[in-house]
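A.B. asks: Enclosed is the structure file model_1.pdb (PDB, C-alpha atoms and all ligand atoms).
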```pdb
ATOM      1  CA  MET A   1     -25.322   1.755  14.012
ATOM      2  CA  ILE A   2     -25.487   2.014  10.204
ATOM      3  CA  GLY A   3     -26.551   5.647  10.617
ATOM      4  CA  GLN A   4     -23.348   6.379  12.565
ATOM      5  CA  ILE A   5     -21.263   4.528   9.982
ATOM      6  CA  LYS A   6     -22.874   6.465   7.140
ATOM      7  CA  ALA A   7     -22.170   9.754   8.949
ATOM      8  CA  LEU A   8     -18.508   8.769   9.416
ATOM      9  CA  ILE A   9     -18.192   7.907   5.723
ATOM     10  CA  GLN A  10     -19.698  11.258   4.745
ATOM     11  CA  SER A  11     -17.394  13.167   7.081
ATOM     12  CA  TRP A  12     -14.376  11.158   5.809
ATOM     13  CA  ASP A  13     -15.264  12.245   2.263
ATOM     14  CA  ASP A  14     -15.607  15.855   3.421
ATOM     15  CA  GLN A  15     -12.286  15.920   5.299
ATOM     16  CA  GLN A  16     -10.449  14.233   2.407
ATOM     17  CA  ALA A  17     -11.929  16.765  -0.039
ATOM     18  CA  ALA A  18     -10.264  19.495   2.059
ATOM     19  CA  TYR A  19      -6.937  18.137   0.731
ATOM     20  CA  ILE A  20      -8.063  17.338  -2.826
ATOM     21  CA  THR A  21      -9.653  20.160  -4.801
ATOM     22  CA  ASN A  22     -11.551  18.015  -7.319
ATOM     23  CA  ARG A  23     -11.787  14.681  -5.508
ATOM     24  CA  GLU A  24     -15.060  13.605  -7.145
ATOM     25  CA  GLN A  25     -13.901  14.545 -10.643
ATOM     26  CA  ARG A  26     -10.705  12.583 -10.010
ATOM     27  CA  PHE A  27     -12.782   9.525  -9.028
ATOM     28  CA  ASP A  28     -15.099   9.984 -12.038
ATOM     29  CA  VAL A  29     -12.184   9.819 -14.480
ATOM     30  CA  MET A  30     -11.050   6.539 -12.922
ATOM     31  CA  LEU A  31     -14.572   5.136 -13.220
ATOM     32  CA  ASP A  32     -14.699   6.187 -16.896
ATOM     33  CA  VAL A  33     -11.484   4.268 -17.547
ATOM     34  CA  ILE A  34     -12.963   1.174 -15.873
ATOM     35  CA  ALA A  35     -16.061   1.564 -18.094
ATOM     36  CA  ARG A  36     -13.759   1.627 -21.110
ATOM     37  CA  VAL A  37     -12.014  -1.570 -19.927
ATOM     38  CA  CYS A  38     -15.435  -3.265 -19.677
ATOM     39  CA  ASP A  39     -16.613  -2.012 -23.064
ATOM     40  CA  SER A  40     -13.458  -2.910 -24.937
ATOM     41  CA  SER A  41     -13.368  -6.585 -23.924
ATOM     42  CA  ALA A  42     -15.824  -9.363 -24.728
ATOM     43  CA  THR A  43     -14.860 -10.912 -21.367
ATOM     44  CA  PHE A  44     -16.646  -8.235 -19.310
ATOM     45  CA  GLY A  45     -20.154  -6.843 -19.267
ATOM     46  CA  GLY A  46     -20.768  -3.099 -19.270
ATOM     47  CA  ASP A  47     -22.167  -3.498 -15.741
ATOM     48  CA  GLY A  48     -18.868  -5.010 -14.571
ATOM     49  CA  THR A  49     -19.884  -8.653 -14.977
ATOM     50  CA  GLY A  50     -16.751 -10.794 -14.815
ATOM     51  CA  LEU A  51     -14.555  -7.911 -13.648
ATOM     52  CA  THR A  52     -12.641  -7.843 -10.352
ATOM     53  CA  VAL A  53     -11.053  -4.599  -9.208
ATOM     54  CA  LEU A  54      -8.362  -4.368  -6.537
ATOM     55  CA  ASP A  55      -8.392  -1.177  -4.424
ATOM     56  CA  LEU A  56      -4.926  -0.727  -2.888
ATOM     57  CA  ALA A  57      -5.006   1.049   0.495
ATOM     58  CA  CYS A  58      -8.786   1.347   0.283
ATOM     59  CA  GLY A  59      -9.201   3.095   3.645
ATOM     60  CA  PRO A  60     -12.905   3.233   4.557
ATOM     61  CA  GLY A  61     -13.755   2.207   0.986
ATOM     62  CA  SER A  62     -14.159   5.574  -0.753
ATOM     63  CA  LEU A  63     -13.119   4.478  -4.247
ATOM     64  CA  SER A  64     -14.391   0.904  -3.785
ATOM     65  CA  GLN A  65     -17.837   2.277  -2.982
ATOM     66  CA  ARG A  66     -17.946   4.428  -6.115
ATOM     67  CA  ILE A  67     -16.876   1.473  -8.281
ATOM     68  CA  LEU A  68     -19.467  -0.838  -6.700
ATOM     69  CA  ASP A  69     -22.179   1.813  -7.069
ATOM     70  CA  ARG A  70     -21.455   2.506 -10.739
ATOM     71  CA  PHE A  71     -20.932  -1.119 -11.878
ATOM     72  CA  PRO A  72     -23.657  -3.254 -10.300
ATOM     73  CA  ALA A  73     -22.009  -6.602 -11.160
ATOM     74  CA  VAL A  74     -18.341  -5.824 -10.429
ATOM     75  CA  ASP A  75     -16.434  -7.412  -7.516
ATOM     76  CA  VAL A  76     -13.979  -5.315  -5.511
ATOM     77  CA  ILE A  77     -11.173  -6.455  -3.211
ATOM     78  CA  GLY A  78     -10.000  -3.725  -0.833
ATOM     79  CA  ILE A  79      -6.586  -4.035   0.822
ATOM     80  CA  ASP A  80      -5.591  -1.914   3.799
ATOM     81  CA  TYR A  81      -3.264  -2.228   6.796
ATOM     82  CA  ASP A  82      -5.267   0.026   9.106
ATOM     83  CA  PRO A  83      -7.614  -2.244  11.086
ATOM     84  CA  VAL A  84      -9.914   0.671  12.022
ATOM     85  CA  LEU A  85     -10.434   1.839   8.449
ATOM     86  CA  LEU A  86     -10.752  -1.718   7.155
ATOM     87  CA  ALA A  87     -13.430  -2.480   9.772
ATOM     88  CA  LEU A  88     -15.269   0.661   8.678
ATOM     89  CA  ALA A  89     -15.017  -0.325   5.000
ATOM     90  CA  SER A  90     -16.279  -3.848   5.797
ATOM     91  CA  ALA A  91     -19.254  -2.573   7.781
ATOM     92  CA  TRP A  92     -20.174   0.121   5.251
ATOM     93  CA  LEU A  93     -19.691  -1.821   2.017
ATOM     94  CA  GLY A  94     -20.929  -5.116   3.471
ATOM     95  CA  GLU A  95     -24.216  -3.382   4.312
ATOM     96  CA  ARG A  96     -24.399  -1.621   0.933
ATOM     97  CA  HIS A  97     -23.027  -4.266  -1.433
ATOM     98  CA  GLY A  98     -22.858  -7.582   0.463
ATOM     99  CA  SER A  99     -20.260 -10.078  -0.722
ATOM    100  CA  ARG A 100     -19.260  -8.004  -3.773
ATOM    101  CA  PHE A 101     -16.708  -6.306  -1.491
ATOM    102  CA  THR A 102     -13.902  -8.403   0.021
ATOM    103  CA  PRO A 103     -11.703  -6.708   2.657
ATOM    104  CA  LEU A 104      -8.111  -7.893   2.921
ATOM    105  CA  ASP A 105      -5.873  -7.018   5.858
ATOM    106  CA  ALA A 106      -2.349  -6.683   4.426
ATOM    107  CA  ASP A 107       0.701  -4.430   4.514
ATOM    108  CA  LEU A 108       1.501  -3.152   1.016
ATOM    109  CA  ALA A 109       4.984  -2.150   2.182
ATOM    110  CA  ALA A 110       5.848  -5.802   2.780
ATOM    111  CA  SER A 111       6.166  -8.583   0.244
ATOM    112  CA  GLY A 112       3.609 -11.372   0.183
ATOM    113  CA  TRP A 113       0.332  -9.444  -0.058
ATOM    114  CA  ALA A 114      -0.363 -10.773  -3.567
ATOM    115  CA  SER A 115      -0.409 -14.362  -2.299
ATOM    116  CA  MET A 116      -3.406 -13.415  -0.140
ATOM    117  CA  LEU A 117      -5.557 -12.501  -3.139
ATOM    118  CA  PRO A 118      -8.465 -14.841  -3.748
ATOM    119  CA  ALA A 119      -8.262 -17.221  -6.725
ATOM    120  CA  GLY A 120      -9.794 -15.885  -9.913
ATOM    121  CA  GLY A 121      -7.447 -12.991 -10.432
ATOM    122  CA  VAL A 122      -7.927  -9.239 -10.713
ATOM    123  CA  HIS A 123      -8.256  -7.245 -13.931
ATOM    124  CA  VAL A 124      -7.967  -3.645 -12.756
ATOM    125  CA  ALA A 125      -6.059  -2.206  -9.782
ATOM    126  CA  VAL A 126      -6.622   1.275  -8.382
ATOM    127  CA  SER A 127      -5.451   3.423  -5.500
ATOM    128  CA  SER A 128      -6.291   6.893  -4.222
ATOM    129  CA  THR A 129      -4.485   9.240  -1.832
ATOM    130  CA  ALA A 130      -2.410   6.458  -0.384
ATOM    131  CA  LEU A 131       0.748   5.321  -2.140
ATOM    132  CA  HIS A 132       2.702   8.363  -0.887
ATOM    133  CA  TRP A 133       2.791   6.418   2.413
ATOM    134  CA  LEU A 134       5.271   4.012   0.824
ATOM    135  CA  GLU A 135       9.033   4.543   0.606
ATOM    136  CA  PRO A 136      10.151   4.892  -3.050
ATOM    137  CA  SER A 137      11.809   1.445  -2.852
ATOM    138  CA  GLU A 138       8.575  -0.060  -1.476
ATOM    139  CA  LEU A 139       6.605   1.630  -4.267
ATOM    140  CA  VAL A 140       8.886   0.147  -6.912
ATOM    141  CA  ALA A 141       8.509  -3.296  -5.298
ATOM    142  CA  LEU A 142       4.708  -2.865  -5.184
ATOM    143  CA  TYR A 143       4.629  -2.037  -8.901
ATOM    144  CA  GLY A 144       6.839  -5.051  -9.622
ATOM    145  CA  THR A 145       4.323  -7.254  -7.811
ATOM    146  CA  LEU A 146       1.393  -5.603  -9.602
ATOM    147  CA  GLY A 147       3.008  -6.363 -12.946
ATOM    148  CA  GLY A 148       2.690 -10.042 -12.028
ATOM    149  CA  VAL A 149      -0.823  -9.742 -10.558
ATOM    150  CA  LEU A 150      -2.498  -8.023 -13.522
ATOM    151  CA  PRO A 151      -2.991  -9.970 -16.754
ATOM    152  CA  GLU A 152      -1.972  -8.617 -20.157
ATOM    153  CA  GLY A 153      -4.358  -5.743 -20.936
ATOM    154  CA  GLY A 154      -5.033  -5.166 -17.229
ATOM    155  CA  VAL A 155      -5.067  -1.552 -16.071
ATOM    156  CA  PHE A 156      -3.650   0.175 -12.978
ATOM    157  CA  MET A 157      -4.503   3.716 -11.887
ATOM    158  CA  ASP A 158      -3.174   5.759  -8.999
ATOM    159  CA  ALA A 159      -4.646   9.105  -7.891
ATOM    160  CA  ASP A 160      -2.400  11.093  -5.583
ATOM    161  CA  HIS A 161      -0.482  14.316  -5.086
ATOM    162  CA  LEU A 162       2.859  13.785  -6.840
ATOM    163  CA  ARG A 163       4.667  16.901  -5.702
ATOM    164  CA  TYR A 164       6.688  19.124  -8.014
ATOM    165  CA  ASP A 165      10.416  19.537  -7.464
ATOM    166  CA  SER A 166      10.522  22.810  -5.496
ATOM    167  CA  ALA A 167      14.099  23.601  -6.600
ATOM    168  CA  ALA A 168      13.583  22.987 -10.325
ATOM    169  CA  GLN A 169       9.871  23.962 -10.460
ATOM    170  CA  PRO A 170       9.393  26.806  -7.957
ATOM    171  CA  MET A 171       6.500  28.464  -9.797
ATOM    172  CA  LEU A 172       4.569  25.209 -10.225
ATOM    173  CA  THR A 173       5.222  24.396  -6.566
ATOM    174  CA  GLU A 174       3.759  27.758  -5.508
ATOM    175  CA  LEU A 175       0.732  27.430  -7.769
ATOM    176  CA  ALA A 176      -0.028  23.964  -6.396
ATOM    177  CA  ALA A 177       0.439  25.121  -2.785
ATOM    178  CA  ALA A 178      -1.899  28.089  -3.385
ATOM    179  CA  ASP A 179      -4.567  25.759  -4.773
ATOM    180  CA  ASP A 180      -4.202  23.447  -1.742
ATOM    181  CA  GLU A 181      -4.501  26.421   0.594
ATOM    182  CA  ARG A 182      -7.653  27.774  -1.126
ATOM    183  CA  THR A 183      -9.300  24.366  -0.928
ATOM    184  CA  ARG A 184      -8.416  23.849   2.732
ATOM    185  CA  ARG A 185      -9.519  27.348   3.751
ATOM    186  CA  ALA A 186     -12.876  26.972   1.961
ATOM    187  CA  ALA A 187     -13.486  23.544   3.550
ATOM    188  CA  TYR A 188     -12.640  24.605   7.105
ATOM    189  CA  GLY A 189     -14.711  27.751   6.562
ATOM    190  CA  ARG A 190     -17.699  25.459   5.888
ATOM    191  CA  GLY A 191     -17.016  23.632   9.158
ATOM    192  CA  VAL A 192     -15.448  20.492   7.654
ATOM    193  CA  GLN A 193     -13.633  18.363  10.253
ATOM    194  CA  THR A 194      -9.851  18.154  10.403
ATOM    195  CA  TRP A 195      -8.129  14.750  10.168
ATOM    196  CA  ASP A 196      -7.693  14.641  13.982
ATOM    197  CA  GLN A 197     -11.328  15.577  14.652
ATOM    198  CA  TRP A 198     -12.484  12.831  12.301
ATOM    199  CA  TRP A 199     -10.304  10.259  14.056
ATOM    200  CA  ALA A 200     -11.615  11.280  17.490
ATOM    201  CA  ASP A 201     -15.180  10.596  16.290
ATOM    202  CA  ALA A 202     -14.212   7.351  14.575
ATOM    203  CA  VAL A 203     -12.569   5.669  17.548
ATOM    204  CA  ALA A 204     -15.452   6.713  19.802
ATOM    205  CA  LEU A 205     -17.614   4.174  17.938
ATOM    206  CA  PRO A 206     -17.348   0.778  19.745
ATOM    207  CA  LEU A 207     -17.147  -1.153  16.449
ATOM    208  CA  LEU A 208     -13.969   0.772  15.597
ATOM    209  CA  ALA A 209     -12.611   1.427  19.102
ATOM    210  CA  GLU A 210     -11.705  -2.245  19.500
ATOM    211  CA  HIS A 211      -9.143  -1.894  16.655
ATOM    212  CA  SER A 212      -7.621   1.375  17.804
ATOM    213  CA  GLU A 213      -4.742  -0.068  19.856
ATOM    214  CA  GLU A 214      -3.695  -2.375  17.046
ATOM    215  CA  ARG A 215      -3.770   0.577  14.633
ATOM    216  CA  THR A 216      -1.428   2.549  16.885
ATOM    217  CA  ARG A 217       0.930  -0.424  17.177
ATOM    218  CA  ARG A 218       1.070  -1.022  13.407
ATOM    219  CA  PHE A 219       1.771   2.582  12.406
ATOM    220  CA  ALA A 220       4.052   3.529  15.331
ATOM    221  CA  ASP A 221       7.300   3.082  13.394
ATOM    222  CA  ARG A 222       6.261   4.664  10.089
ATOM    223  CA  PRO A 223       7.764   8.142   9.732
ATOM    224  CA  PRO A 224       6.817  10.371   6.757
ATOM    225  CA  THR A 225       8.324   8.955   3.591
ATOM    226  CA  PRO A 226      10.541  10.691   1.000
ATOM    227  CA  HIS A 227       8.626  11.822  -2.038
ATOM    228  CA  ALA A 228       8.391   9.669  -5.180
ATOM    229  CA  PRO A 229       7.993  11.944  -8.230
ATOM    230  CA  LEU A 230       5.759  11.262 -11.227
ATOM    231  CA  GLU A 231       8.710  10.127 -13.357
ATOM    232  CA  LEU A 232       9.598   7.445 -10.799
ATOM    233  CA  HIS A 233       6.033   6.078 -10.838
ATOM    234  CA  LEU A 234       5.945   5.897 -14.633
ATOM    235  CA  SER A 235       9.390   4.361 -15.060
ATOM    236  CA  ALA A 236       8.770   1.808 -12.279
ATOM    237  CA  LEU A 237       5.544   0.788 -14.025
ATOM    238  CA  ARG A 238       7.355   0.375 -17.356
ATOM    239  CA  THR A 239      10.032  -1.740 -15.676
ATOM    240  CA  ALA A 240       7.273  -3.864 -14.145
ATOM    241  CA  GLY A 241       5.920  -4.707 -17.606
ATOM    242  CA  PHE A 242       3.303  -2.009 -18.173
ATOM    243  CA  VAL A 243       3.453  -1.328 -21.919
ATOM    244  CA  GLU A 244       1.533   1.964 -21.878
ATOM    245  CA  THR A 245       1.926   4.544 -19.123
ATOM    246  CA  GLY A 246       0.851   8.144 -18.715
ATOM    247  CA  VAL A 247      -1.317  10.718 -16.996
ATOM    248  CA  VAL A 248      -5.094  10.542 -17.462
ATOM    249  CA  TRP A 249      -6.022  13.535 -15.307
ATOM    250  CA  ARG A 250      -4.251  16.265 -13.379
ATOM    251  CA  LEU A 251      -4.755  19.528 -11.522
ATOM    252  CA  TYR A 252      -1.381  21.073 -10.651
ATOM    253  CA  ASP A 253       0.417  18.287  -8.751
ATOM    254  CA  ASP A 254      -2.710  16.192  -8.182
ATOM    255  CA  VAL A 255      -2.450  13.422 -10.753
ATOM    256  CA  VAL A 256      -4.122  10.226 -11.910
ATOM    257  CA  ILE A 257      -1.583   7.989 -13.584
ATOM    258  CA  LEU A 258      -2.379   4.926 -15.681
ATOM    259  CA  GLY A 259      -0.427   1.854 -16.579
ATOM    260  CA  ARG A 260      -1.655  -0.824 -19.012
ATOM    261  CA  ARG A 261      -0.083  -4.273 -18.915
TER     262      ARG A 261
HETATM  263  C1  LIG B 301      -5.657   8.964   3.144
HETATM  264  S1  LIG B 301      -6.106   7.299   3.228
HETATM  265  C2  LIG B 301      -6.909   7.073   1.652
HETATM  266  C3  LIG B 301      -8.016   6.050   1.721
HETATM  267  C4  LIG B 301      -8.870   5.921   0.464
HETATM  268  N1  LIG B 301      -8.122   5.277  -0.598
HETATM  269  C5  LIG B 301      -9.422   7.248   0.017
HETATM  270  O1  LIG B 301      -9.128   7.686  -1.106
HETATM  271  O2  LIG B 301     -10.173   7.867   0.778
HETATM  272  C6  LIG B 301      -4.568   6.408   3.058
HETATM  273  C7  LIG B 301      -4.740   4.916   3.288
HETATM  274  O3  LIG B 301      -3.507   4.238   3.014
HETATM  275  C8  LIG B 301      -3.437   3.157   3.944
HETATM  276  N2  LIG B 301      -2.060   2.650   4.035
HETATM  277  C9  LIG B 301      -0.961   3.352   4.401
HETATM  278  N3  LIG B 301       0.119   2.544   4.410
HETATM  279  C10 LIG B 301      -0.315   1.314   4.055
HETATM  280  C11 LIG B 301       0.332   0.055   3.864
HETATM  281  N4  LIG B 301       1.638  -0.075   4.088
HETATM  282  N5  LIG B 301      -0.416  -1.004   3.480
HETATM  283  C12 LIG B 301      -1.739  -0.877   3.266
HETATM  284  N6  LIG B 301      -2.412   0.293   3.427
HETATM  285  C13 LIG B 301      -1.704   1.375   3.806
HETATM  286  C14 LIG B 301      -3.932   3.790   5.232
HETATM  287  O4  LIG B 301      -4.251   2.814   6.200
HETATM  288  C15 LIG B 301      -5.135   4.564   4.706
HETATM  289  O5  LIG B 301      -6.278   3.779   4.679
END
```
Could you spell out this file's structure in structure tokens?

C.D. replies:
Amino acid sequence: MIGQIKALIQSWDDQQAAYITNREQRFDVMLDVIARVCDSSATFGGDGTGLTVLDLACGPGSLSQRILDRFPAVDVIGIDYDPVLLALASAWLGERHGSRFTPLDADLAASGWASMLPAGGVHVAVSSTALHWLEPSELVALYGTLGGVLPEGGVFMDADHLRYDSAAQPMLTELAAADDERTRRAAYGRGVQTWDQWWADAVALPLLAEHSEERTRRFADRPPTPHAPLELHLSALRTAGFVETGVVWRLYDDVVILGRR
């Protein structure tokens, strides 16, 4: 079983990298920021001792896994609303890191998720390739909640495509689209699975198949959301009490933003 889970995790990483040109570099920058948080506070050890990281919309645990691998004493809480992906994350990270990973089944588009967090608090919150699923108003509400969840000095980072304005920035829009297209073509040329192919394999595994119906039910009424531009993210973070905000990494419209409470 663990062999099949490992193969699914690898093929998830491959199919996600077909959408994100420098996915590993993007993760590495986020890990470097977490290292800096550890090193700049007497409260945390350099190995992540004392630090709890919250991974918002963790999916199968891609970013959680990299954090747990790099910081051998950190704890990670992964929230997701997809019961299939959360079951995969639990199986994969439970096997690899035991109780250092806590899965949490919650809808980030609804209020109340913060009350489900275990006592002890979180110090860093991260997210990758996920918050574009939220309506702009839900995103603003999420950031408002995060402002209350993170302590002073706590750090939030989000890695995602924050699309250019095609009317005001036509050249940038074209450059970003060309980069996306090159990356996708190269990946599919190497035989990387599409999103749909990956999902067909995933729900064929009995451990995940049992959650498939519930997944369909939960996401049935969620149409594509309007786009929230970079400026909206940064101003919503400032309104939520983040005193320093900005971009720590970018390639065209693929951006890692940071907010410090
Ligand atoms: C493309 S995946 C990214 C997963 C992972 N963070 C990664 O980088 O590979 C997007 C994730 O957002 C999650 N998601 C979407 N809407 C959500 C919501 N309202 N609450 C919690 N998770 C949500 C999906 O279930 C999915 O796991």

A.B. asks: Take atom CA of A:His211 and atom CA of A:Ser64 and report the distance between them in Å, one decimal.

C.D. replies: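 Going from atom CA of A:His211 over to atom CA of A:Ser64 covers 21.3 Å.
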
A.B. asks: What gap, in Å, lies between atom C8 of ligand LIG 301 (chain B) and atom CA of A:Leu131?

C.D. replies: 7.7 Å

A.B. asks: Which is closest to A:Trp195 among A:Leu142, A:Met1, A:Ala119, A:Ala17, if we use all atoms listed in the file?

C.D. replies: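 Nearest candidate to A:Trp195 out of A:Leu142, A:Met1, A:Ala119, A:Ala17: A:Ala17.
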
A.B. asks: How many Å lie between atom CA of A:Leu237 and atom CA of A:Gly259, rounded to one decimal?

C.D. replies: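 That distance, rounded to one decimal, is 6.6 Å.
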
A.B. asks: Hey, which bits of stretch 88-166 of chain A sit within 8 Å of stretch 34-55 of chain A, and for each residue what's the closest pair of atoms and how far apart in Å (one decimal), counting all atoms listed in the file, rows by chain and increasing number, as a Markdown table?

C.D. replies:
```
| residue | atom | partner | partner_atom | distance |
| --- | --- | --- | --- | --- |
| A:Gly121 | CA | A:Thr52 | CA | 7.3 |
| A:Val122 | CA | A:Thr52 | CA | 4.9 |
| A:His123 | CA | A:Thr52 | CA | 5.7 |
| A:Val124 | CA | A:Val53 | CA | 4.8 |
| A:Ala125 | CA | A:Leu54 | CA | 4.5 |
| A:Val126 | CA | A:Asp55 | CA | 5.0 |
| A:Ser127 | CA | A:Asp55 | CA | 5.6 |
| A:Val155 | CA | A:Val37 | CA | 7.9 |
```

A.B. asks: Counting all atoms listed in the file, what residues are within 9 Å of ligand LIG 301 (chain B), given as number ranges by chain?

C.D. replies: A: 12-13, 16, 23, 27, 55-64, 79-86, 105-110, 126-134, 138, 159-160, 215, 219, 222

A.B. asks: Kindly indicate which residue among A:Asp14, A:Asp254, A:Asp28, A:Glu95 lies nearest to A:Ile2, using all atoms listed in the file for the distances.

C.D. replies: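 So, comparing all the options, the nearest one is A:Glu95.
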
A.B. asks: Calculated over only C-alpha atoms, which of the candidates A:Lys6, A:Arg190, A:Arg66, A:Arg260 has the smallest distance to A:Val29?

C.D. replies: A:Arg66

A.B. asks: Which polymer residues have any atom within 10 Å of an atom of stretch 199-202 of chain A, counting only C-alpha atoms, with same-chain residues fewer than 3 positions away left out, as a count of residues only?

C.D. replies: 19

A.B. asks: To verify the selection step, state as a VMD selection string which residues the PyMOL selection byres (((chain A and resi 228) around 6) and not hetatm) yields on this input.

C.D. replies: chain A and resid 136 227 229

A.B. asks: Can you write just those residues out, C-alpha atoms, as a short mmCIF file (atom, residue, chain, number, x, y, z; two decimals), in the frame of the given file?

C.D. replies:
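Result file part-v4.cif:
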```cif
data_model
loop_
_atom_site.label_atom_id
_atom_site.label_comp_id
_atom_site.auth_asym_id
_atom_site.auth_seq_id
_atom_site.Cartn_x
_atom_site.Cartn_y
_atom_site.Cartn_z
CA PRO A 136 10.15 4.89 -3.05
CA HIS A 227 8.63 11.82 -2.04
CA PRO A 229 7.99 11.94 -8.23
#
```

A.B. asks: Measuring between only C-alpha atoms, which one of A:Gln197, A:Val149, A:His97, A:Ser90 shows the shortest distance to A:Ala73?

C.D. replies: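 Checking each candidate against A:Ala73, we get A:His97 as the closest.
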
A.B. asks: Evaluating the PyMOL selection byres (((chain A and resi 235) around 12) and not hetatm) on the displayed file yields which residues, as an mmCIF file with C-alpha atoms, in the frame of the given file?

C.D. replies:
```cif
data_model
loop_
_atom_site.group_PDB
_atom_site.id
_atom_site.type_symbol
_atom_site.label_atom_id
_atom_site.label_comp_id
_atom_site.auth_asym_id
_atom_site.auth_seq_id
_atom_site.Cartn_x
_atom_site.Cartn_y
_atom_site.Cartn_z
ATOM 1 C CA LEU A 139 6.605 1.630 -4.267
ATOM 2 C CA VAL A 140 8.886 0.147 -6.912
ATOM 3 C CA TYR A 143 4.629 -2.037 -8.901
ATOM 4 C CA GLY A 144 6.839 -5.051 -9.622
ATOM 5 C CA ALA A 228 8.391 9.669 -5.180
ATOM 6 C CA PRO A 229 7.993 11.944 -8.230
ATOM 7 C CA LEU A 230 5.759 11.262 -11.227
ATOM 8 C CA GLU A 231 8.710 10.127 -13.357
ATOM 9 C CA LEU A 232 9.598 7.445 -10.799
ATOM 10 C CA HIS A 233 6.033 6.078 -10.838
ATOM 11 C CA LEU A 234 5.945 5.897 -14.633
ATOM 12 C CA ALA A 236 8.770 1.808 -12.279
ATOM 13 C CA LEU A 237 5.544 0.788 -14.025
ATOM 14 C CA ARG A 238 7.355 0.375 -17.356
ATOM 15 C CA THR A 239 10.032 -1.740 -15.676
ATOM 16 C CA ALA A 240 7.273 -3.864 -14.145
ATOM 17 C CA GLY A 241 5.920 -4.707 -17.606
ATOM 18 C CA PHE A 242 3.303 -2.009 -18.173
ATOM 19 C CA VAL A 243 3.453 -1.328 -21.919
ATOM 20 C CA GLU A 244 1.533 1.964 -21.878
ATOM 21 C CA THR A 245 1.926 4.544 -19.123
ATOM 22 C CA GLY A 246 0.851 8.144 -18.715
ATOM 23 C CA ILE A 257 -1.583 7.989 -13.584
ATOM 24 C CA LEU A 258 -2.379 4.926 -15.681
ATOM 25 C CA GLY A 259 -0.427 1.854 -16.579
#
```
